[in-house]
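> My questions will all concern the structure given below.
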Amino acid sequence: MKAELLSVGTELLLGEILNTDAKFLAEELSMLGISVYYQTVVGDNKKRLTDALELALSRADIVIASGGLGPTPDDLTKEVIAEAMGETLVLHEESMRAIEAYYQRVNREMPESNKKQAMLPEHGIVLANPNGTAPGCIIEKNGKTVIMLPGPPRELEPMFIDSVRPYLLQKSGKLLLSKNLRLFGIGESKLAEMLQDLIAKNENPTVAPYAETAGVRLRITASCRDASEGEELIRPVLEHIKSLVGAYIYSEEDKPLSQTVAECLIAKNITIAAAESCTGGMFSKMIVDYPGTSAIFSESVVTYSNEAKQKYLGVREETLARFGAVSRETATEMAQGIRRAAGSDIGVGITGIAGPDGGTAEKPVGLVYVGICFGEKTDVLELHLTGNREKVRYTACQNAFFRIYQHLCDC
């Protein structure tokens, strides 16, 4: 089956909001084995919306329209779809009661205009919306299906999961089950080369690599009747992949590297502290993004200047004078200094040149040293990174996390 996504809203065309609905729906449909060949964004204009709908119906079995179900005059999605599908809008009493109950819960008087939202296609399948006032609807006619969903993600996503997904699953008759592996320390092209036989086969399951800002995601996808069959198909392929590139895999659950490390530190009750220069607190921020990290992360410092490195970390003046702030030696003393000051199990020191200026022929932009002190042992990574300032800082943090992950796997 082929589906087309029709996102309605002038605010999308103007770039005022990001079209996260299309991303969510495309991912969900792919997991149901439903192909999406086209995505269209159209403003709140009746003629243009009508033209977009007619084109979508001409080339897809299913059209999913999101947005334009509100109570204002420029919310036209429902009216245009009903007209195109030969449906009459009638008052849906249950939806009307739900809208009235919503306003009672929030202790507000319901505007007269909200009655418009309870006017629904006479022969449609109404989709309840417990998270807002706009019900959704499914219309089936002449071998075509049109699904109308509210625009706000907090309304659209649960409505799709609770009502639309089961409906489409019955139609598609198959499920696509995917397992996403996260890898670091290997590029997309090298990974594809190492797994070329698996990728080239294009059998069930399929294997496909995807480059990310720092690292690679590898997706294994099985076409199956149910999740149990899919897992059985994926298992031997996963084991084969691990035998080839297991050293680079840090997550089999599609989790970010920082989350994987944070959860592992918590599970093993291993404490960590960081001293950051060029990353300016990014490493620390990425740790505390996850709940429970207060148990293993008590403090960090941003020591941007040489004076701060000496004052808070005990980096020696002679080290800075002889080797410079961006050096293997300074990164070593930063990592050791923060571990000593915090009394933590692991100390991390990051220093480098993030750019766009500040580099020299000897120490170019993108040169970063990451010192990681594990007990009495200190490792230092020398990195030569590319990209803009943000990418250099982010990739430096990812390298630090991966080295910590490798250490945690050994202990």
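Going through the structure tokens in order, the chains are called A, B, and so on, while each chain numbers its residues from 1 and the ligands are numbered from 1 in the order shown.
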Could you give me, as number ranges by chain, the residues within 9 Å of segment 359-369 of chain A, counting only C-alpha atoms and dropping anything in the same chain fewer than 2 positions from it?

A: 278, 326-328, 330-332, 349-357, 371, 380-389, 392-393, 396

> Run DSSP on the backbone of this structure and report the residues of segment 143-329 of chain A it assigns to strand (DSSP E or B), as a VMD selection string.

chain A and resid 144 to 149 175 to 183 206 to 212 215 to 224 249 to 251 272 to 276 297 to 302

> Please identify every residue of segment 170-206 of chain A that has at least one atom no farther than 10 Å from an atom of segment 238-245 of chain A, counting only C-alpha atoms, and for each give the shortest atom pair and the distance in Å to one decimal, arranged by chain then increasing number, as JSON lines.


```
{"residue": "A:Lys179", "atom": "CA", "partner": "A:Leu238", "partner_atom": "CA", "distance": 8.8}
{"residue": "A:Leu181", "atom": "CA", "partner": "A:Leu238", "partner_atom": "CA", "distance": 9.2}
{"residue": "A:Leu183", "atom": "CA", "partner": "A:Val245", "partner_atom": "CA", "distance": 8.8}
{"residue": "A:Ile186", "atom": "CA", "partner": "A:Val245", "partner_atom": "CA", "distance": 9.1}
{"residue": "A:Leu191", "atom": "CA", "partner": "A:Val245", "partner_atom": "CA", "distance": 7.9}
{"residue": "A:Met194", "atom": "CA", "partner": "A:Leu244", "partner_atom": "CA", "distance": 7.4}
{"residue": "A:Leu195", "atom": "CA", "partner": "A:Ile241", "partner_atom": "CA", "distance": 7.5}
{"residue": "A:Leu198", "atom": "CA", "partner": "A:Ile241", "partner_atom": "CA", "distance": 8.8}
{"residue": "A:Pro205", "atom": "CA", "partner": "A:Leu238", "partner_atom": "CA", "distance": 10.0}
```

> For those residues, write N, CA and C atoms to a file as a PDB file, in the first residue's frame.


```
ATOM      1  N   LYS A 179      15.329  -3.036  14.414  1.00  0.00           N
ATOM      2  CA  LYS A 179      16.244  -2.911  15.550  1.00  0.00           C
ATOM      3  C   LYS A 179      17.346  -1.963  15.116  1.00  0.00           C
ATOM      4  N   LEU A 181      20.898  -0.246  15.879  1.00  0.00           N
ATOM      5  CA  LEU A 181      22.153  -0.316  16.613  1.00  0.00           C
ATOM      6  C   LEU A 181      22.858   1.031  16.487  1.00  0.00           C
ATOM      7  N   LEU A 183      26.605   2.892  16.695  1.00  0.00           N
ATOM      8  CA  LEU A 183      28.031   2.582  16.652  1.00  0.00           C
ATOM      9  C   LEU A 183      28.844   3.867  16.698  1.00  0.00           C
ATOM     10  N   ILE A 186      33.683   4.236  13.871  1.00  0.00           N
ATOM     11  CA  ILE A 186      33.733   3.695  12.515  1.00  0.00           C
ATOM     12  C   ILE A 186      32.831   4.551  11.637  1.00  0.00           C
ATOM     13  N   LEU A 191      31.847   0.923   7.557  1.00  0.00           N
ATOM     14  CA  LEU A 191      30.860  -0.035   8.062  1.00  0.00           C
ATOM     15  C   LEU A 191      30.177  -0.750   6.907  1.00  0.00           C
ATOM     16  N   MET A 194      32.441  -3.368   5.505  1.00  0.00           N
ATOM     17  CA  MET A 194      32.573  -4.559   6.343  1.00  0.00           C
ATOM     18  C   MET A 194      31.315  -5.422   6.318  1.00  0.00           C
ATOM     19  N   LEU A 195      30.176  -4.794   6.049  1.00  0.00           N
ATOM     20  CA  LEU A 195      28.905  -5.529   6.033  1.00  0.00           C
ATOM     21  C   LEU A 195      28.324  -5.636   4.626  1.00  0.00           C
ATOM     22  N   LEU A 198      25.928  -8.560   3.677  1.00  0.00           N
ATOM     23  CA  LEU A 198      24.601  -8.473   4.293  1.00  0.00           C
ATOM     24  C   LEU A 198      23.752  -7.402   3.626  1.00  0.00           C
ATOM     25  N   PRO A 205      15.822 -10.262   7.052  1.00  0.00           N
ATOM     26  CA  PRO A 205      15.767  -8.808   7.238  1.00  0.00           C
ATOM     27  C   PRO A 205      16.762  -8.056   6.340  1.00  0.00           C
TER      28      PRO A 205
END
```

> Taking 2 positions as the minimum chain separation for residues in the same chain, which residues sit within 8 Å of Glu333 of chain A when counting only C-alpha atoms? Answer as a PyMOL selection string.

chain A and resi 313-316+329-331+335-337+349

> Write out as a short mmCIF file (atom, residue, chain, number, x, y, z; two decimals) with N, CA, C and O atoms, in the first residue's frame each polymer residue whose atoms come within 9 Å of segment 57-60 of chain A, counting only C-alpha atoms; drop sequence neighbours fewer than 5 positions from it.


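So part-v1.cif came out as:
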```cif
data_model
loop_
_atom_site.label_atom_id
_atom_site.label_comp_id
_atom_site.auth_asym_id
_atom_site.auth_seq_id
_atom_site.Cartn_x
_atom_site.Cartn_y
_atom_site.Cartn_z
N MET A 1 0.83 -1.19 0.00
CA MET A 1 0.00 0.00 0.00
C MET A 1 0.87 1.25 0.00
O MET A 1 1.94 1.26 0.58
N LYS A 2 0.34 2.28 -0.66
CA LYS A 2 1.04 3.55 -0.72
C LYS A 2 0.25 4.61 0.05
O LYS A 2 -0.97 4.68 -0.05
N ALA A 3 0.97 5.41 0.80
CA ALA A 3 0.34 6.49 1.55
C ALA A 3 0.99 7.81 1.20
O ALA A 3 2.16 7.85 0.77
N GLU A 4 0.25 8.89 1.35
CA GLU A 4 0.79 10.23 1.17
C GLU A 4 0.43 11.07 2.38
O GLU A 4 -0.69 10.96 2.91
N VAL A 36 5.62 5.48 1.87
CA VAL A 36 5.30 6.90 1.71
C VAL A 36 6.20 7.44 0.61
O VAL A 36 7.42 7.53 0.78
N TYR A 37 5.62 7.78 -0.55
CA TYR A 37 6.39 8.28 -1.68
C TYR A 37 6.38 9.80 -1.77
O TYR A 37 7.27 10.40 -2.37
N TYR A 38 5.36 10.43 -1.18
CA TYR A 38 5.25 11.88 -1.26
C TYR A 38 4.78 12.46 0.07
O TYR A 38 3.96 11.85 0.77
N ALA A 52 -4.11 19.87 -3.76
CA ALA A 52 -3.15 18.95 -3.14
C ALA A 52 -3.82 17.63 -2.77
O ALA A 52 -3.22 16.56 -2.93
N LYS A 144 -10.28 4.25 -1.71
CA LYS A 144 -9.35 5.20 -1.12
C LYS A 144 -9.69 5.43 0.34
O LYS A 144 -10.86 5.33 0.74
N THR A 145 -8.67 5.75 1.12
CA THR A 145 -8.87 6.05 2.54
C THR A 145 -8.22 7.39 2.86
O THR A 145 -7.06 7.62 2.50
N VAL A 146 -8.99 8.27 3.50
CA VAL A 146 -8.45 9.55 3.96
C VAL A 146 -8.57 9.59 5.47
O VAL A 146 -9.66 9.33 6.03
#
```

> In Å, rounded to a single decimal, give me how far atom CA of Ile220 of chain A is from atom CA of Met286 of chain A.

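We find that atom CA of Met286 of chain A and atom CA of Ile220 of chain A lie 27.3 Å from each other.
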
> In Å, rounded to a single decimal, give me how far atom CA of Lys46 of chain A is from atom CA of Glu155 of chain A.

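According to the coordinates, atom CA of Glu155 of chain A and atom CA of Lys46 of chain A are separated by 23.8 Å.
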
> If we count only C-alpha atoms and set the cut-off at 10 Å, which residues sit around Val90 of chain A, ignoring sequence neighbours fewer than 3 positions away in its own chain? Please answer as a PyMOL selection string.

chain A and resi 87+93+116+118-123

> With a distance cut-off of 6 Å and only C-alpha atoms, select the neighbouring residues of segment 64-78 of chain A, excluding the residue or stretch itself and same-chain residues fewer than 6 positions from it, and output the selection as a list in words.

Leu5, Leu6, Ser7, Val8, Asp44, Ser113, Asn114, Lys116, Gln117, Val146, Ile147, Met148, Leu149, Pro150 and Gly151 of chain A

> What would the file look like if the residues just selected were written as an mmCIF file, in the first residue's frame with C-alpha atoms?


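This went into part_35.cif:
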```
data_model
loop_
_atom_site.group_PDB
_atom_site.id
_atom_site.type_symbol
_atom_site.label_atom_id
_atom_site.label_comp_id
_atom_site.auth_asym_id
_atom_site.auth_seq_id
_atom_site.Cartn_x
_atom_site.Cartn_y
_atom_site.Cartn_z
ATOM 1 C CA LEU A 5 1.149 12.761 3.959
ATOM 2 C CA LEU A 6 -0.683 16.073 3.631
ATOM 3 C CA SER A 7 0.419 18.598 6.245
ATOM 4 C CA VAL A 8 -1.902 21.600 6.452
ATOM 5 C CA ASP A 44 -4.767 27.321 4.742
ATOM 6 C CA SER A 113 -17.146 28.341 17.179
ATOM 7 C CA ASN A 114 -16.052 25.050 18.766
ATOM 8 C CA LYS A 116 -17.631 23.382 14.183
ATOM 9 C CA GLN A 117 -15.241 20.726 15.444
ATOM 10 C CA VAL A 146 -8.452 9.547 3.959
ATOM 11 C CA ILE A 147 -7.444 9.963 7.593
ATOM 12 C CA MET A 148 -7.792 13.354 9.289
ATOM 13 C CA LEU A 149 -5.699 14.063 12.384
ATOM 14 C CA PRO A 150 -5.287 17.190 14.540
ATOM 15 C CA GLY A 151 -2.048 19.119 14.087
#
```

> Taking the DSSP secondary structure from the backbone, can you list the residues of segment 152-380 of chain A that are alpha helix (DSSP H), as a count of residues only?

96

> Report as a PDB file with N, CA and C atoms, in the first residue's frame all protein, DNA and RNA residues lying within 12 Å of Arg97 of chain A, evaluated on only C-alpha atoms, omitting residues in the same chain fewer than 5 positions from it.


```pdb
ATOM      1  N   LEU A  91     -23.649  16.865  12.721  1.00  0.00           N
ATOM      2  CA  LEU A  91     -23.241  16.987  14.116  1.00  0.00           C
ATOM      3  C   LEU A  91     -23.060  15.604  14.734  1.00  0.00           C
ATOM      4  N   HIS A  92     -21.878  15.364  15.274  1.00  0.00           N
ATOM      5  CA  HIS A  92     -21.582  14.108  15.953  1.00  0.00           C
ATOM      6  C   HIS A  92     -21.760  14.346  17.449  1.00  0.00           C
ATOM      7  N   TYR A 102     -14.628  18.982  27.930  1.00  0.00           N
ATOM      8  CA  TYR A 102     -13.272  19.529  27.978  1.00  0.00           C
ATOM      9  C   TYR A 102     -13.291  20.934  28.566  1.00  0.00           C
ATOM     10  N   TYR A 103     -14.207  21.770  28.105  1.00  0.00           N
ATOM     11  CA  TYR A 103     -14.268  23.152  28.598  1.00  0.00           C
ATOM     12  C   TYR A 103     -14.725  23.208  30.055  1.00  0.00           C
ATOM     13  N   GLN A 104     -15.543  22.264  30.446  1.00  0.00           N
ATOM     14  CA  GLN A 104     -15.945  22.204  31.851  1.00  0.00           C
ATOM     15  C   GLN A 104     -14.752  21.850  32.735  1.00  0.00           C
ATOM     16  N   MET A 110     -17.309  27.496  26.699  1.00  0.00           N
ATOM     17  CA  MET A 110     -17.002  27.024  25.349  1.00  0.00           C
ATOM     18  C   MET A 110     -17.460  28.040  24.314  1.00  0.00           C
ATOM     19  N   ASN A 114     -16.540  26.413  18.571  1.00  0.00           N
ATOM     20  CA  ASN A 114     -16.052  25.050  18.766  1.00  0.00           C
ATOM     21  C   ASN A 114     -17.046  23.987  18.320  1.00  0.00           C
ATOM     22  N   LYS A 115     -18.305  24.378  18.125  1.00  0.00           N
ATOM     23  CA  LYS A 115     -19.290  23.416  17.606  1.00  0.00           C
ATOM     24  C   LYS A 115     -18.878  22.924  16.220  1.00  0.00           C
ATOM     25  N   GLN A 117     -16.096  21.902  15.341  1.00  0.00           N
ATOM     26  CA  GLN A 117     -15.241  20.726  15.444  1.00  0.00           C
ATOM     27  C   GLN A 117     -16.024  19.434  15.609  1.00  0.00           C
ATOM     28  N   ALA A 118     -17.264  19.537  16.031  1.00  0.00           N
ATOM     29  CA  ALA A 118     -18.106  18.347  16.186  1.00  0.00           C
ATOM     30  C   ALA A 118     -18.888  18.024  14.917  1.00  0.00           C
ATOM     31  N   ALA A 128     -11.709   9.529  18.664  1.00  0.00           N
ATOM     32  CA  ALA A 128     -11.807  10.360  19.858  1.00  0.00           C
ATOM     33  C   ALA A 128     -10.468  11.045  20.148  1.00  0.00           C
ATOM     34  N   ASN A 129     -10.557  12.238  20.730  1.00  0.00           N
ATOM     35  CA  ASN A 129      -9.357  13.011  21.077  1.00  0.00           C
ATOM     36  C   ASN A 129      -9.408  13.400  22.552  1.00  0.00           C
ATOM     37  N   PRO A 130      -8.875  12.571  23.431  1.00  0.00           N
ATOM     38  CA  PRO A 130      -8.899  12.891  24.867  1.00  0.00           C
ATOM     39  C   PRO A 130      -7.908  13.986  25.258  1.00  0.00           C
ATOM     40  N   THR A 133      -9.641  19.241  21.584  1.00  0.00           N
ATOM     41  CA  THR A 133     -11.053  19.405  21.204  1.00  0.00           C
ATOM     42  C   THR A 133     -11.353  18.962  19.786  1.00  0.00           C
ATOM     43  N   PRO A 135     -11.727  16.120  17.177  1.00  0.00           N
ATOM     44  CA  PRO A 135     -11.724  14.687  16.883  1.00  0.00           C
ATOM     45  C   PRO A 135     -11.123  14.435  15.507  1.00  0.00           C
TER      46      PRO A 135
END
```

> Counting only C-alpha atoms, figure out which residue out of A:Met334, A:Ile346, A:Leu127, A:Val42 gets nearest to Leu12 of chain A.

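Counting only C-alpha atoms, the residue closest to Leu12 of chain A is A:Val42.
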